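J.: Below are the structure tokens for one structure; questions will follow.
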Amino acid sequence: MKSLQERVLALRPSVAESVGRSALPFVAAIVLAYLVDAVLGPAVGATWRKILLDIGIAILLAGSLNIVNGYAGQFSLGHAGFMLAGGYTAAWLTFYGGIHLFGVKGAYGGFLGSGQLLFLASCLFGGVVAAVLGVVVGLPSLRLRGDYLAIVTLGFGEIVSRLVQITARQPTSVEDVKRQSMLELANNLGGSENFSQIPSYTTLFFVYVFAFTLIVFAYRLKYSSKGRGLLAVRENEIAAEAMGVDTTRAKVVAFVFSAFWGGVGGALYAHQIGTLNPAELSFQKSIDFVLIVVIGGMGSITGVVLGAAILVILPELAREFADYRMIAYALALIVVMILRPQGIMGVKELWDTGLWRKLVHRVKGGKS
Amino acid sequence: MTEPVAPASGQAVPAGPIGEAALAGKTGEAASAEKSGLALDVQQLSLAFGGLKAVSDFSLKLPAGGLYGLIGPNGAGKTTVFNLLTGVYRPDTGQVVLCGERIDGKKPSYIARAGMARTFQNIRLFGELSVIDNIRTAAGVRTRSGLFRTLFRTPLHVAEERAITERSLELLDVLKISHRQDEQSKSLPYGDQRRLEIARALATEPRVLLLDEPVAGMNTLEKREMRGLIQSLREQFGVAILLIEHDMGLVMEICEQITVIDHGVTIARGAPKAVQDDPAVIEAYLGVPDEAVDPAEQVPPPETAPRTDAPPGEA
């Protein structure tokens, strides 16, 4: 039988096909995000626009957590730590950097103007800082599994939160900020008080560009050898190693990749809500994302999107019962665990289900 | 350690005497072995769990394309030998040379990439994944795409993924489980799970394949199919096979050379017929031979398929 590499040359796609396969999904992500921003957003009104924003950010955070919890099967309870790291990093860059660069507080410039470019850079930089922390969490995960790993990641989230709490107060006047360099200001994250007046750059467009890009990446990962390697780690680590999957590397890559997108999600969150508080981005927040992943289906991309939508919309619809939110969450989790322990979608995607096939069949049948 | 049994004359594969030399003489010429067409050269491998010597001085020279057997009573340390070879355990002493490369002390994933694949006695499939994805996962070992190429779907990555699917489908066909392609692997019947394990191991493109009890729990018909399959793999994939099996009929019929271990110690080695008659082996399996031998435990003579490379002498 011919070996894999002997076959590769013959199976290379043409140039046109390569470009299409590689770039088209990204173009689609941008176009779709633009449509969400320009068409869907204005059409649904302010309340639902806010919900759409929340869903997009939840997709980013739960979708990135899904890489570690769902694909690689490493139960992490510290995802809010990455969100917090990304959020504070980005806020530091846009708030202080904005004052240093443009001399004003708040959003600066128009669509893709210099202010928004700074914001984009801050999102990516927030992701990078979170990714570095991902290495820090990824390394202990090599020796720990199950409950023990969950405890370590939980501890990580709390540590990051505490680190922010020991920083100095946030100077809010332009003059005070200008007196200090950016590096000095890295210690002025507001401590246990709020980091406020973060310019509100986050729009539906940016949220969904990142969210759709993550979905494209998550999809490509899942249906490739790299992703299957992660799934193999989850399914049977010993067999995965024996089949040549470097499980050590796979886990660290999963943590870093996941942390990066968690950081990006945190940056978008910070510039949406305008105020960061370390106590808010702790254990409780991590649990929210774990819930989305578990209810949606560990390892399922469409499941996570569905779970994010459900867990954002339901509390909005039941606002008068907001006090009982956590009870409802706990109950929902118990019910899901009893009735459908694999989550709504399991590891499957929407297009793997019988319902979808039937639908496709009917649509195709109708055309012909 | 009991003296090794001399291999019977008339072996079809020219490697019989090499194995003998390894056990008898402690010459240990690893360098020359690299050039002698050996797929696997194991020298004096030992491992102790605390005070218990699980494997002592295990040596084996498996020629390229050879089919050797490793037998022994329950708890003899056969699977431990596999775990040592594949890097699950790190040997206390000794060395393992795979196609000229020393691999002892390396990680299992490294050893798999170096060209050794295995199946597991207690089946270890990726249960939630589909049958074909189990194979694809293993085939992924031979790809060159990293995370970047994967995320941006470069032409090389696209071609590699296509090659993976193409090859995986062919493997499914060879192992006759094509009809189960999209089923979840944990829902497969037992026999098909064993076949899938072999397909998955082959997907890594091994030079040496370690099969741990491939016919355990199979009925006669399934066993016969599996026997034919194992023999065909050598030609089709050019792979050397080391086989652990309790089914003596199968081992005696298809293996060119058999190593017998008991309590981690090699007690015999040689051609099937010679091993079968070795007093040390009979003792290890049946106890001291002063009473009637249980006919059920007796090795049935290979009556169905007369082999050209069978040792001369009466059956």
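Chain lettering (A, B, ...) mirrors the order of the structure tokens, residue numbering begins at 1 for each chain separately, and ligand numbering begins at 1 in order of display.
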Using only C-alpha atoms, what table do you get, as a Markdown table, when you list each residue of chain A with an atom no more than 7 Å from chain B, its nearest pair of atoms, and their distance in Å rounded to one decimal, rows by chain then rising number?
T.:
| residue | atom | partner | partner_atom | distance |
| --- | --- | --- | --- | --- |
| A:Met1 | CA | B:Phe237 | CA | 6.2 |
| A:Leu4 | CA | B:Ala163 | CA | 5.8 |
| A:Arg7 | CA | B:Ala163 | CA | 5.7 |
| A:Val8 | CA | B:Ala159 | CA | 5.3 |
| A:Leu11 | CA | B:Ala159 | CA | 4.9 |
| A:Arg12 | CA | B:Ala159 | CA | 4.6 |
| A:Pro13 | CA | B:Pro155 | CA | 6.0 |
| A:Ser18 | CA | B:Pro155 | CA | 5.6 |
| A:Arg21 | CA | B:Arg153 | CA | 6.9 |
| A:Ser22 | CA | B:Arg153 | CA | 5.0 |
| A:Phe217 | CA | B:Leu151 | CA | 5.4 |
| A:Arg220 | CA | B:Leu151 | CA | 6.0 |
| A:Leu221 | CA | B:Leu151 | CA | 6.6 |
| A:Ser224 | CA | B:Glu161 | CA | 6.7 |
| A:Ser225 | CA | B:Gly140 | CA | 4.9 |
| A:Lys226 | CA | B:Leu147 | CA | 6.9 |
| A:Arg228 | CA | B:Thr137 | CA | 5.5 |
| A:Gly229 | CA | B:Thr137 | CA | 6.0 |
| A:Ala232 | CA | B:Phe126 | CA | 5.9 |
| A:Glu235 | CA | B:Phe126 | CA | 5.0 |
| A:Asn236 | CA | B:Phe126 | CA | 6.0 |
| A:Ala239 | CA | B:Arg124 | CA | 6.0 |
| A:Glu241 | CA | B:Ser109 | CA | 4.7 |
| A:Ala242 | CA | B:Pro108 | CA | 5.4 |
| A:Met243 | CA | B:Ala138 | CA | 5.2 |
| A:Gly244 | CA | B:Ser109 | CA | 3.8 |
| A:Val245 | CA | B:Ser109 | CA | 5.5 |
| A:Asp246 | CA | B:Ser109 | CA | 5.4 |
J.: Where in region 55-263 of chain B does DSSP assign strand (DSSP E), given as a PyMOL selection string?
T.: chain B and resi 55-63+67-71+93-98+101-102+116-118+208-212+240-244+257-262
J.: For those residues, write C-alpha atoms to a file as an mmCIF file, in the first residue's frame.
T.:
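Printed below is part_37.cif as written:
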data_model
loop_
_atom_site.group_PDB
_atom_site.id
_atom_site.type_symbol
_atom_site.label_atom_id
_atom_site.label_comp_id
_atom_site.auth_asym_id
_atom_site.auth_seq_id
_atom_site.Cartn_x
_atom_site.Cartn_y
_atom_site.Cartn_z
ATOM 1 C CA VAL B 55 11.283 -8.971 32.603
ATOM 2 C CA SER B 56 14.865 -10.204 32.766
ATOM 3 C CA ASP B 57 17.380 -10.160 29.971
ATOM 4 C CA PHE B 58 14.886 -10.304 27.155
ATOM 5 C CA SER B 59 16.570 -10.421 23.770
ATOM 6 C CA LEU B 60 15.074 -10.747 20.330
ATOM 7 C CA LYS B 61 16.203 -10.264 16.771
ATOM 8 C CA LEU B 62 13.292 -9.788 14.443
ATOM 9 C CA PRO B 63 14.267 -9.669 10.776
ATOM 10 C CA LEU B 67 6.673 -13.088 11.826
ATOM 11 C CA TYR B 68 7.713 -14.130 15.296
ATOM 12 C CA GLY B 69 5.709 -15.252 18.263
ATOM 13 C CA LEU B 70 5.979 -14.449 21.947
ATOM 14 C CA ILE B 71 4.200 -16.854 24.236
ATOM 15 C CA THR B 93 18.855 -2.109 31.421
ATOM 16 C CA GLY B 94 19.238 -3.258 27.861
ATOM 17 C CA GLN B 95 18.638 -1.633 24.535
ATOM 18 C CA VAL B 96 16.106 -1.639 21.731
ATOM 19 C CA VAL B 97 17.196 -0.888 18.182
ATOM 20 C CA LEU B 98 14.457 -0.273 15.636
ATOM 21 C CA GLU B 101 17.920 3.515 15.579
ATOM 22 C CA ARG B 102 18.124 3.167 19.334
ATOM 23 C CA MET B 116 6.730 0.664 15.666
ATOM 24 C CA ALA B 117 2.999 0.234 16.114
ATOM 25 C CA ARG B 118 0.982 -1.969 18.377
ATOM 26 C CA VAL B 208 7.391 -3.435 13.107
ATOM 27 C CA LEU B 209 3.890 -4.355 14.223
ATOM 28 C CA LEU B 210 3.259 -5.731 17.696
ATOM 29 C CA LEU B 211 0.015 -7.651 17.990
ATOM 30 C CA ASP B 212 -1.167 -8.380 21.519
ATOM 31 C CA ALA B 240 7.668 -7.379 10.563
ATOM 32 C CA ILE B 241 5.272 -8.791 13.119
ATOM 33 C CA LEU B 242 5.745 -9.862 16.693
ATOM 34 C CA LEU B 243 2.741 -11.683 17.995
ATOM 35 C CA ILE B 244 1.558 -12.404 21.514
ATOM 36 C CA GLN B 257 10.198 -18.436 15.462
ATOM 37 C CA ILE B 258 8.755 -18.468 18.915
ATOM 38 C CA THR B 259 10.111 -17.074 22.141
ATOM 39 C CA VAL B 260 8.677 -18.475 25.339
ATOM 40 C CA ILE B 261 8.906 -16.506 28.543
ATOM 41 C CA ASP B 262 7.814 -17.400 32.034
#
J.: Please extract the residues of region 41-259 of chain B with a backbone DSSP assignment of helix (DSSP H, G or I) and present them as a ChimeraX atom specification.
T.: /B:78-85,108-114,131-142,147-151,155-174,178-180,185-187,190-203,220-237,248-254
J.: Excluding same-chain residues fewer than 4 positions from region 257-266 of chain A, what lies within 6 Å of it counting only C-alpha atoms, as number ranges by chain?
T.: A: 57, 60-61, 64-65, 82-84, 86-87, 123, 126-128, 130-131, 134, 253
J.: Can you work out which one of A:Ile287, A:Ala10, A:Val136, A:Ala46 has the shortest atom-to-atom distance to Ala150 (chain A), counting only C-alpha atoms?
T.: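 Residue with the minimum atom-to-atom distance to Ala150 (chain A): A:Ile287.
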J.: Could you tell me how far CA of Leu47 (chain B) lies from CA of Ala64 (chain B), in Å and to one decimal?
T.: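 Computing the Euclidean distance for CA of Leu47 (chain B) and CA of Ala64 (chain B) yields 25.9 Å.
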J.: Grab the CA of Thr167 (chain A) to CA of Gly155 (chain A) distance for me, in Å with one decimal place.
T.: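 Those two atoms sit 19.1 Å apart.
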J.: Env of Asp182 (chain B): 8 Å cut, atoms = only C-alpha atoms, seq-sep filter 4 positions within chain, self excluded. Answer as a PDB file with C-alpha atoms, in the first residue's frame.
T.:
ATOM      1  CA  SER B 130     -15.937   6.986  14.151  1.00  0.00           C
ATOM      2  CA  VAL B 131     -14.172   3.957  12.750  1.00  0.00           C
ATOM      3  CA  ILE B 132     -12.510   5.898   9.975  1.00  0.00           C
TER       4      ILE B 132
END
J.: Pick the closest to Arg179 (chain A) from A:Gly297, A:Thr302, A:Ser14, A:Tyr96: which is it, counting only C-alpha atoms?
T.: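 Between A:Gly297, A:Thr302, A:Ser14, A:Tyr96, the residue approaching Arg179 (chain A) most closely is A:Tyr96.
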J.: Between CA of Met252 (chain B) and CA of Thr220 (chain B), what is the distance in Å, rounded to a tenth?
T.: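 Computing it gives 15.7 Å between the two atoms.
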J.: Would you mind listing what lies within 8 Å of Ala72 (chain A) as number ranges by chain, with only C-alpha atoms counted and same-chain residues fewer than 2 positions away left out?
T.: A: 67-70, 74, 230-234, 251, 254
J.: Using only C-alpha atoms, which of the listed residues (B:Gly77, B:Gly51, B:Gly100, B:Gly191) sits closest to Thr266 (chain B)?
T.: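 Using only C-alpha atoms, Thr266 (chain B) sits closest to B:Gly77.
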